[in-house]
Structure formats: C-alpha cells, structure tokens
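J.: Structure below; questions to follow.
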Amino acid sequence: MEQLKKMSASTRSTIITYGMVIVLFAVMQALSSAKVISSSTTGLLVPITAYVCLSISLNLVVGISGELSLGHAGFMSVGAFTGIVVASMLADTITLGWARLLVSMLIGGMFAGLAGFLVGVPVMRLHGDYLAIVTLAFGEIIKNLLNNLYVGFDAKGLHLSMKSAQALGMEGGKIIINGPQGAVGISKLSTFLFGFLLVLFTLTVVLNLINSRTGRAIMAVRDNRIAAESVGINTTKYRLIAFVVSAALAGMAGVLYGLNFSSIVPKKFDFNTSILILVFVVLGGMGNIRGGIIAAIVLTILPEKLRFIGDFRMLMYAIVLISVMLVTNNKTFQTKLGMLRERIRRRKDPDLDLVASRAGGDGNE
Amino acid sequence: MILNDFSRRTFIKLSGVAAAGLGLSACGNSGSASSGSTESAGGAAASGDTFKVGGIGPVTGPAAIYGSATKYGAQVAVDEVNAAGKIKLELNWQDDEHDAEKSVNAYNNLKDWGMQILVGTTTTTPCVAVSTESNADRIFELTPSASSVNVLGGEDIGADNPRKDNVFQMCFTDPNQGTASAQYISQQKLGTNIAIIYNNADAYSTGIYQKFVDEAGALGLKIVSTTTFTDDQTDFSVQVGEAKKNKADLVFLPIYYTPASLILSEAKKQDYAPKFFGVDGMDGILDLEGFDKSLAEGVMLLTPFVATATDEATQSFDEAYKKASGADANPNQFAADAYDCVKAIAKAIEEAKIEPSMATPDMCDALIKQFTDASFSYEGLTGKSSWSTTGEVTKTPKGMVIENGIYMPLDKEETK
C-alpha cells in the first residue's frame, strides 16, 4: 500500500484500471457460475466486453490522437465478418472452440487493421475535420459493400461474389455470408472469459502505447501539430499508428461480438453503432480510458435495466445522457468534487498531494 | 459541507432532472401495469394457472409500426381467450428496436420473467438470432411475421442453418411468396415483360426476389429490368425510368409499402402505367398517411388478410384492435397474424390438454407434437392454417386488387 502511494500518478492510475477490470470480471464470473444473476444480465456479459474494447480502442483515436472518427462500426464489421468466415472455414480443421476463436480474432483484427491503414494513408495527410468525414463515408461504404457480398465455402474452397448467392456456383457446401441477409448459423464461440482476456489485451496495448515514446509523440501531435513537427516528429506516421492500432483492436472486438450471436447482418454496423461507441468515449471523458470503460458498461446495461418503465425507457436513457453531460460539466460541481477529493487526500497522507501534483497530468489515465 | 452553499439555481436544475426522472418512471410503471404484464405478476403466476406468453417486437425505432401492430393484435387475442375462460394467458411484450442484439436481450428478460411460450419475434433479422436461443432453451416459438427460411432453419427448405424444431411461422416464408407470386403471374397471364424493383439492403426483399427470379425463369416469364434501392431512399426516378425504357408491362415490387408508395407516385409522374404486383409487405399502403389512394388503383398484391373484409370475425377484430391500440388505424396483416398466433397456440393447448404447471421443455415438445399433427389445423383471420414439420405454414394466399380504394379479390374462385 505504501508503495502504491509513492508511485507516479500514471502508474497508479494504470494499476487501478487493471484492478477494476479484473475485480469486475471475478465478481461477475463468480455470480454467473453461482447462477445468482438473471439470464438477461448473463446475456449482456459478452456484448459488454466487446463494447468495452471498442470504447478503449476508439479512445486511442478520439482522446489520445485527438481525431474524430465516425466509422468505428465499419472496422468492427470488417473484423466481425472476416472472423465469421474464418471460423466457418476452420470448423473442421480446428475443433477446439477457443483456438478457433483466437485464430479468427487474429485474422479479423489483421483485416480491420489493413482497412484502417488503407483509409488512413491518404487521410492522415489532411488536416482538420477531414478524417471525420472520410471515416463517416467509410462506415457507409463498408456497410453497402457487405450488403452486396456473398461468400460461400465448399469442398473446392472459398467462393466470392458481389452479385448474388446463385453466382457463387456452389457445389453443396455452405453459404457463409448471404448479402443483406448476413451470416446465419454461426457457431457461438465467444465466452465471457475470452471477452475479458480481450479487454485485458486491448488495455495492455493501448496503455503501453500511451505511456511509450510513440504515445508521447502522438499526444504531442494532438496538442500542437506545428510544435511537434518543428521538433522532428513525423505527424502523419504517428497519427497513422494510433489509427491503425485502433482499427485492428476494433476488428478484434467485432469478431468477439459477431461470434456471440447466431446471426449477424451488415445493417447492424451502421452510423448509429459508430455514434454509440463515440458516446461511450465522450461520456467517459475523452482520453480517460477508465471513464470510457465505465461508460460502456453503464450505457449497455442501462436500457435493459430500464425495461420496467416500458415505452419511456429510451426517453429515460436520453435524460440520463443529458444530465450526466450537464452535471459533469457544471463548474460548481467540478469545484466541489475537487475540494472533496483534496480533503480526502490530505486527511490520508499529507505528503501525497505534493508527489501527485509533481507527477500528475491529464490524458494519461 | 458541500450542500451548504448549493446555489438556488443548481438546486432547481437538479430537482428538475430528478422530478422528470421520477415522473417518467412512475408513468411507465402505471402504463405497463395497465397492459397487464410485468414483475409483480411474475411472482404471482408461479401458482400456476396461467400460461406465460412472451412477445417480442419493435415498438420503438424505424420498424415500430409492425411491432406495435403485432403487440396489439396479440393483446386482443389474449383478452378474448381469457374472456372465453377455458385457459388463462398472460402476455408480456418486450421491445427489440428491430435489432438482433436487443432482441436477444429482450428474450433473456422474458426468460427471467418465466416465459413458457414465445410469440415472436415480429421482424426477420432479430428472429433468426432469437430462434436459435429459444431452440437451445426448448421454448416453443411461433412467429407472426418473421418470414425468412433462416428463422425456421433446415437445408431442405433452403435455409443456411439446421432446422430449429421448436419454431413455427404464421406467415408465408419469403421463398414461398416469391414462388407463389411468379406462379400467380404466370397462371393469370398478368404480364409477359416483367420489371423488378427491390431493396437490396433488406433480407425480406432480397429473399423474395431471389426465389421469384428462379421460378420466373422456370415458368418462362421474361424479366426485362431489375433495379435496386437501399433504405431511406426517396428518389425512384432511375428505377421507374429503367422499367419504362425496357417496356415492362408488369412491375413486381417485393418491398414494404413506404417505398412502394413513392414508386407509384414516380410512375404517375413519368406517365407510366404498367400493372403493379406486390407481396404482403405492400399491405398497409392504403392506410399510409398523406398517400393519394388513387395512385394505388389497380395495384395487385398477395396477402392473407384484408381488414375491410365483411365477415364477422374480421370486423369484431377490427373493432377490438382499434380499442386496444387507442388509434383509428385499421389492423394490418401483421396484427392479424399475431392474433392468429395466440389463438392457434390457445387451440393447441386446449386440444393437447397442456397444463400451465408443465415444465417448459415438456410443454415445448407437446406443442410441437400438436402443431405437426396431421389433424391439427386452425381457422382464423388469415385463413385456414396447418403446419408441417419444416415449420412452414400451409394456407392459401389471396390475390387482391385495389379498386376504388379498397381491396377486391383478384379472381372469383377464391372469394367463397
């Protein structure tokens, strides 16, 4: 405990974040194996882990790199559908569920990262709001491409078509993706344990990136591009690194999400889903990874727990969103919260605030 | 302390938010209590004289019109069954926003409530996901309107997934509609040069389209133009122009009525008057707000239910539905399908002598046995229905044509 207090603020914050995730997992896992929690909560566990990963990965672009990305669901869908194709192809080769999920996840993440790279290369040379516009368009393009994509798998291998299921020329076998009807009959491989591991992996990647030389360069570009350029930082490169890593992680979360349902359609990954993820990040505080995780958990559970108020639940959801925004941005509230925090800290350890104020900083939690 | 110098304004703001929240949850509570569902009843019904029927459908979001119709349709049927007094049903309807993820959440919620039988889900995409869950949990499921074959599963009917033996449909499957439409057009010699306009971002529309093309090819119908659109499209000049240029004398519209209404008005604008042929998604076009009914003159469609029919059952349903929904709109075929779902389940329960105290998986097996029994059939608003082991319903589609703003039977044999 003594040691924890002596650590730099960023290390302490990192440990708290990991600790929070691990404790939450342990509690939920224990509750669900003891069958204490309802099946509606159990059913939410895997989607929550997927949304948490998406929130962390988008935070890298929005909070740390300071760009506005409106097409995160696009990367998620690239990952999801790649993962589903891979998982179906390997159904006979790899019989172990978790191994198949792992392979699908790696390949899904790679494809999403590749998509992020292709979008990022031209766009990262631009300045201003262009990234927001291009990612918005990218999300829609991916959705429409997937709506026209037909993939089948038979003894001869993989068949692809952009026309129709008939044009695949299948000899027996199985149609994996059937245009707008999406993928059906997916074997549900995702588990809560695997979701938790993915959250840990995502956290490790993002937190280590932030607290590295690269991460500091990314934040320098965010804070002042011209100043960063003048000290020799390649702005395009560092922005691209953040963007591609974020896309790949979103793709992996997409695989987890896709393989949690028996069917998935391209329509699911529309603009609204992108905005949903962005809301997690904004509500949790841009650049605040822990806040983003909490926001993702709360905002996924909230509409379900509000079911008892019937038709008014979506209205309640909106009211909660607005009040959180109003309250957290309220000057009086912020001052009071700061005072309260100060008081607790001083009571516990009079030297601590000296250390904290020296090492502290924003945007690195 | 902190609260000491809480400014008056902040206090008013915060109490405003709190009051709004409390007020809403209070309204919500009374609202759902009056519709006869939810928690408190959940515990009580364990005593075991009521069947717990769950329903899932979108009552918010873009497809809310279908979910609300099925919800009220099912409610009317439940009220009637309870009034008849032989068995007692309790309906709990949950919203899924026409989204697979939310639908599975709604399903899990109903499971916690103690659902024994599921009427739903209303829309196709969520239903594919939910029926897999209900299959694993052994809960009997009858969907009013999710029409894709993937809902039922089974390679022999062309699905991409294995048969889920607990799932049955009240509506025609998409392929059956596509095939039936092609056969109908060919038999009645309605047209020779056919144009198709369909929504290629929609599972329902593409499902019908694919089978229609297959069957049309087999029957020697000539398809001269195929054009597509996606959701939220409002300009159809290209698609209609394409059909006109290729001299199509019949335009097949396997789509929902909102885009169909836009296509009809575009055709009028372009002075193009072919025959228009729709499927059950076209039903409801006459009730669309702000739609000029004269545009729909002569439009043909295949549908199992007509709200303006004069028989007693339809009329009393019409009345009860308007009362339940609190609006003046006529029930559409979604409402009728949901009504028939509940009534068919009630009939099966009575005939198979199923008790509410039975374990849910046993009840599921007993209902499957009853539904697939050769002697079991149900005569309701949408015609006489019976089911095969594939889960598909067998009933006669009615060909309708719109004349003077109302549906008229297309051919005389089917009028009875």
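A note on labels: chains of the structure tokens are A, B, ... as shown, every chain counts residues from 1, and ligands are counted from 1 in their shown order.
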Return as a PyMOL selection string the full set of residues in segment 19-236 of chain A whose backbone-based DSSP assignment is alpha helix (DSSP H).
T.: chain A and resi 19-33+39-59+72-89+97-123+130-147+192-210+213-223+225-230+235-236
J.: Using only C-alpha atoms, I'd like a table of the residues in segment 63-140 of chain B that come within 10 Å of segment 350-359 of chain B; for each, show the closest atom pair and its distance in Å rounded to one decimal, ordered by chain and ascending number, as CSV.
T.:
```
residue,atom,partner,partner_atom,distance
B:Lys86,CA,B:Glu350,CA,7.9
B:Ile87,CA,B:Glu350,CA,7.6
B:Lys88,CA,B:Pro356,CA,8.8
B:Leu89,CA,B:Pro356,CA,9.3
B:Gln116,CA,B:Ala359,CA,8.4
```
J.: Write out, as a compact mmCIF listing (two decimals), in the first residue's frame, the residues just selected, with N, CA, C and O atoms.
T.:
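Done, and the output landed in out-v3.txt:
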```
# COMPACT_ATOMS: atom_id res chain seq x y z
N LYS B 86 -61.57 -20.79 -20.82
CA LYS B 86 -61.09 -22.18 -20.75
C LYS B 86 -59.67 -22.23 -20.21
O LYS B 86 -59.35 -23.05 -19.35
N ILE B 87 -58.82 -21.39 -20.77
CA ILE B 87 -57.45 -21.32 -20.25
C ILE B 87 -57.12 -19.85 -19.99
O ILE B 87 -57.80 -18.96 -20.49
N LYS B 88 -56.07 -19.65 -19.21
CA LYS B 88 -55.69 -18.28 -18.89
C LYS B 88 -54.32 -17.98 -19.47
O LYS B 88 -53.38 -18.76 -19.28
N LEU B 89 -54.20 -16.87 -20.17
CA LEU B 89 -52.92 -16.48 -20.74
C LEU B 89 -52.49 -15.15 -20.13
O LEU B 89 -53.33 -14.32 -19.77
N GLN B 116 -43.13 -19.18 -20.97
CA GLN B 116 -43.27 -20.58 -21.34
C GLN B 116 -43.46 -20.75 -22.84
O GLN B 116 -43.10 -21.77 -23.41
```
J.: Can you tell me, as a ChimeraX atom specification, what residues are no more than 8 Å from segment 33-50 of chain A when counting only C-alpha atoms, ignoring any on the same chain fewer than 5 positions away?
T.: /A:190-192,195-196,198-199,253-254,256-257,260,296-297,300-301 /B:104-109,111-112
J.: Would you put the residues from that selection into a file with C-alpha atoms, as an mmCIF file, in the first residue's frame?
T.:
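Contents of the output file selection_30.cif:
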```cif
data_model
loop_
_atom_site.group_PDB
_atom_site.id
_atom_site.type_symbol
_atom_site.label_atom_id
_atom_site.label_comp_id
_atom_site.auth_asym_id
_atom_site.auth_seq_id
_atom_site.Cartn_x
_atom_site.Cartn_y
_atom_site.Cartn_z
ATOM 1 C CA SER A 190 -17.461 -16.173 -27.717
ATOM 2 C CA THR A 191 -17.320 -16.591 -23.976
ATOM 3 C CA PHE A 192 -17.162 -14.126 -21.138
ATOM 4 C CA GLY A 195 -14.089 -11.332 -23.735
ATOM 5 C CA PHE A 196 -12.320 -10.483 -20.503
ATOM 6 C CA LEU A 198 -9.586 -9.413 -24.975
ATOM 7 C CA VAL A 199 -10.334 -6.454 -22.724
ATOM 8 C CA ALA A 253 -13.825 -6.718 -30.710
ATOM 9 C CA GLY A 254 -16.004 -7.134 -33.789
ATOM 10 C CA LEU A 256 -15.943 -11.292 -30.370
ATOM 11 C CA TYR A 257 -19.272 -9.554 -30.969
ATOM 12 C CA ASN A 260 -21.590 -14.175 -29.837
ATOM 13 C CA ALA A 296 -19.544 1.437 -21.965
ATOM 14 C CA ILE A 297 -20.685 -0.838 -19.141
ATOM 15 C CA THR A 300 -25.086 -1.063 -22.255
ATOM 16 C CA ILE A 301 -26.820 -2.162 -19.072
ATOM 17 C CA VAL B 104 -31.742 -11.476 -27.572
ATOM 18 C CA ASN B 105 -31.668 -9.155 -24.539
ATOM 19 C CA ALA B 106 -35.451 -8.918 -24.625
ATOM 20 C CA TYR B 107 -35.640 -12.687 -24.908
ATOM 21 C CA ASN B 108 -33.404 -13.163 -21.852
ATOM 22 C CA ASN B 109 -35.575 -10.695 -19.976
ATOM 23 C CA LYS B 111 -36.875 -15.871 -19.686
ATOM 24 C CA ASP B 112 -36.235 -14.288 -16.305
#
```
J.: Give me, as a ChimeraX atom specification, the residues of segment 112-168 of chain B that a backbone DSSP run labels strand (DSSP E).
T.: /B:117-120,140-143,167-168
J.: Write the residues of the selection above to a file with N, CA, C and O atoms, as a PDB file, in the first residue's frame.
T.:
```pdb
ATOM      1  N   ILE B 117     -44.053 -19.742 -23.473  1.00  0.00           N
ATOM      2  CA  ILE B 117     -44.301 -19.790 -24.911  1.00  0.00           C
ATOM      3  C   ILE B 117     -43.946 -18.429 -25.492  1.00  0.00           C
ATOM      4  O   ILE B 117     -44.225 -17.405 -24.874  1.00  0.00           O
ATOM      5  N   LEU B 118     -43.338 -18.418 -26.672  1.00  0.00           N
ATOM      6  CA  LEU B 118     -42.939 -17.147 -27.270  1.00  0.00           C
ATOM      7  C   LEU B 118     -43.725 -16.880 -28.550  1.00  0.00           C
ATOM      8  O   LEU B 118     -43.783 -17.715 -29.444  1.00  0.00           O
ATOM      9  N   VAL B 119     -44.356 -15.705 -28.608  1.00  0.00           N
ATOM     10  CA  VAL B 119     -44.985 -15.247 -29.843  1.00  0.00           C
ATOM     11  C   VAL B 119     -44.072 -14.180 -30.412  1.00  0.00           C
ATOM     12  O   VAL B 119     -44.006 -13.074 -29.909  1.00  0.00           O
ATOM     13  N   GLY B 120     -43.323 -14.525 -31.411  1.00  0.00           N
ATOM     14  CA  GLY B 120     -42.387 -13.529 -31.948  1.00  0.00           C
ATOM     15  C   GLY B 120     -41.187 -14.211 -32.555  1.00  0.00           C
ATOM     16  O   GLY B 120     -41.161 -15.416 -32.659  1.00  0.00           O
ATOM     17  N   PHE B 140     -41.215 -23.109 -26.887  1.00  0.00           N
ATOM     18  CA  PHE B 140     -41.962 -23.132 -28.139  1.00  0.00           C
ATOM     19  C   PHE B 140     -42.102 -21.715 -28.700  1.00  0.00           C
ATOM     20  O   PHE B 140     -42.423 -20.786 -27.974  1.00  0.00           O
ATOM     21  N   GLU B 141     -41.852 -21.572 -30.003  1.00  0.00           N
ATOM     22  CA  GLU B 141     -41.896 -20.245 -30.615  1.00  0.00           C
ATOM     23  C   GLU B 141     -42.741 -20.269 -31.882  1.00  0.00           C
ATOM     24  O   GLU B 141     -42.541 -21.100 -32.751  1.00  0.00           O
ATOM     25  N   LEU B 142     -43.686 -19.337 -31.947  1.00  0.00           N
ATOM     26  CA  LEU B 142     -44.493 -19.170 -33.159  1.00  0.00           C
ATOM     27  C   LEU B 142     -44.370 -17.707 -33.564  1.00  0.00           C
ATOM     28  O   LEU B 142     -44.764 -16.818 -32.821  1.00  0.00           O
ATOM     29  N   THR B 143     -43.795 -17.457 -34.734  1.00  0.00           N
ATOM     30  CA  THR B 143     -43.604 -16.065 -35.134  1.00  0.00           C
ATOM     31  C   THR B 143     -44.726 -15.615 -36.053  1.00  0.00           C
ATOM     32  O   THR B 143     -45.109 -16.335 -36.968  1.00  0.00           O
ATOM     33  N   VAL B 167     -39.589 -23.996 -33.734  1.00  0.00           N
ATOM     34  CA  VAL B 167     -40.004 -22.719 -34.322  1.00  0.00           C
ATOM     35  C   VAL B 167     -40.993 -22.940 -35.465  1.00  0.00           C
ATOM     36  O   VAL B 167     -40.758 -23.773 -36.344  1.00  0.00           O
ATOM     37  N   PHE B 168     -42.091 -22.201 -35.439  1.00  0.00           N
ATOM     38  CA  PHE B 168     -43.099 -22.275 -36.491  1.00  0.00           C
ATOM     39  C   PHE B 168     -43.460 -20.867 -36.947  1.00  0.00           C
ATOM     40  O   PHE B 168     -43.279 -19.908 -36.208  1.00  0.00           O
TER      41      PHE B 168
END
```
J.: Leaving out Asp328 of chain B and any residue of its chain fewer than 5 positions from it, which residues lie within 12 Å of it when counting only C-alpha atoms, given as a PyMOL selection string?
T.: chain B and resi 287+318-323
J.: Using only C-alpha atoms, determine which residues lie at most 7 Å from segment 69-86 of chain A, disregarding the query and same-chain residues fewer than 3 positions distant; provide the list as a count of residues only.
T.: 33
J.: For chain B, which residue among A:Arg290, A:Lys163, A:Lys6, A:Lys237 is the nearest when counting only C-alpha atoms?
T.: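 So, comparing all the options, the nearest one is A:Lys163.
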J.: Which of these residues is nearest to chain A, using only C-alpha atoms: B:Gly85, B:Gly207, B:Gly48, B:Gly405?
T.: B:Gly207
J.: Rounded to one decimal place, report the atom CA of Ser32 of chain A-atom CA of Ser263 of chain A distance in Å.
T.: 24.2 Å
J.: Find the nearest atom pair between each residue of chain A and chain B for residues within 6 Å, count only C-alpha atoms, give distances in Å to one decimal, sort rows by chain and ascending number, and present the table as JSON lines.
T.:
```
{"residue": "A:Ser39", "atom": "CA", "partner": "B:Asn108", "partner_atom": "CA", "distance": 5.6}
{"residue": "A:Ser40", "atom": "CA", "partner": "B:Asn108", "partner_atom": "CA", "distance": 4.4}
{"residue": "A:Asn147", "atom": "CA", "partner": "B:Ala201", "partner_atom": "CA", "distance": 5.7}
{"residue": "A:Pro180", "atom": "CA", "partner": "B:Ala201", "partner_atom": "CA", "distance": 5.1}
{"residue": "A:Gln181", "atom": "CA", "partner": "B:Ala203", "partner_atom": "CA", "distance": 4.4}
{"residue": "A:Gly185", "atom": "CA", "partner": "B:Asn161", "partner_atom": "CA", "distance": 4.7}
{"residue": "A:Ser262", "atom": "CA", "partner": "B:Ala129", "partner_atom": "CA", "distance": 5.3}
{"residue": "A:Ser263", "atom": "CA", "partner": "B:Ala129", "partner_atom": "CA", "distance": 5.3}
{"residue": "A:Ile309", "atom": "CA", "partner": "B:Gly28", "partner_atom": "CA", "distance": 4.0}
{"residue": "A:Gly310", "atom": "CA", "partner": "B:Gly28", "partner_atom": "CA", "distance": 5.5}
```
J.: Which residues are close to Tyr378 of chain B, i.e. within 9 Å by only C-alpha atoms, leaving aside same-chain residues fewer than 5 positions away? Reply as a list in words.
T.: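 What passes the distance filter is Asp340, Lys343, Ala344, Lys347, Ala348, Gly383, Lys384, Ser385 and Ser386 of chain B.
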J.: Write the residues of the selection above to a file with C-alpha atoms, as an mmCIF file, in the first residue's frame.
T.:
```cif
data_model
loop_
_atom_site.group_PDB
_atom_site.id
_atom_site.type_symbol
_atom_site.label_atom_id
_atom_site.label_comp_id
_atom_site.auth_asym_id
_atom_site.auth_seq_id
_atom_site.Cartn_x
_atom_site.Cartn_y
_atom_site.Cartn_z
ATOM 1 C CA ASP B 340 -53.871 -15.875 -35.112
ATOM 2 C CA LYS B 343 -55.386 -18.156 -30.951
ATOM 3 C CA ALA B 344 -53.628 -21.102 -32.628
ATOM 4 C CA LYS B 347 -56.296 -24.040 -29.547
ATOM 5 C CA ALA B 348 -53.284 -26.356 -29.450
ATOM 6 C CA GLY B 383 -57.372 -18.338 -43.467
ATOM 7 C CA LYS B 384 -57.152 -21.998 -42.564
ATOM 8 C CA SER B 385 -53.636 -22.814 -41.440
ATOM 9 C CA SER B 386 -51.827 -26.054 -40.787
#
```
J.: Could you tell me how far atom CA of Ile210 of chain A sits from atom CA of Arg345 of chain A, in Å to one decimal place?
T.: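 Distance between the two atoms: 26.5 Å.
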J.: Quick one: of B:Ile402, B:Ala77, B:Ala366, B:Gln233, who's nearest to Lys275 of chain B, counting only C-alpha atoms?
T.: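 Of B:Ile402, B:Ala77, B:Ala366, B:Gln233, the one nearest Lys275 of chain B is B:Ile402, counting only C-alpha atoms.
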J.: When you count only C-alpha atoms, which of these residues is closest to Val213 of chain B: A:Ile319, A:Ser164, A:Val324, A:Val298?
T.: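 Closest residue, counting only C-alpha atoms: A:Ser164.
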J.: Return the single residue from A:Leu197, A:Ala165, A:Met339, A:Leu126 that is closest to Val52 of chain A, with distances computed using only C-alpha atoms.
T.: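 The shortest atom-to-atom distance to Val52 of chain A comes from A:Leu197.
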J.: What is the atom CA of Phe271 of chain A-atom CA of Ile263 of chain B distance in Å, reported with one decimal?
T.: 26.3 Å
J.: Quick one: residues within 12 Å of segment 313-316 of chain B, only C-alpha atoms, excluding same-chain residues fewer than 4 positions away - as a PyMOL selection string?
T.: chain B and resi 73+76-77+80+305-309+320-323+330-333+335-336+339-340+379-383
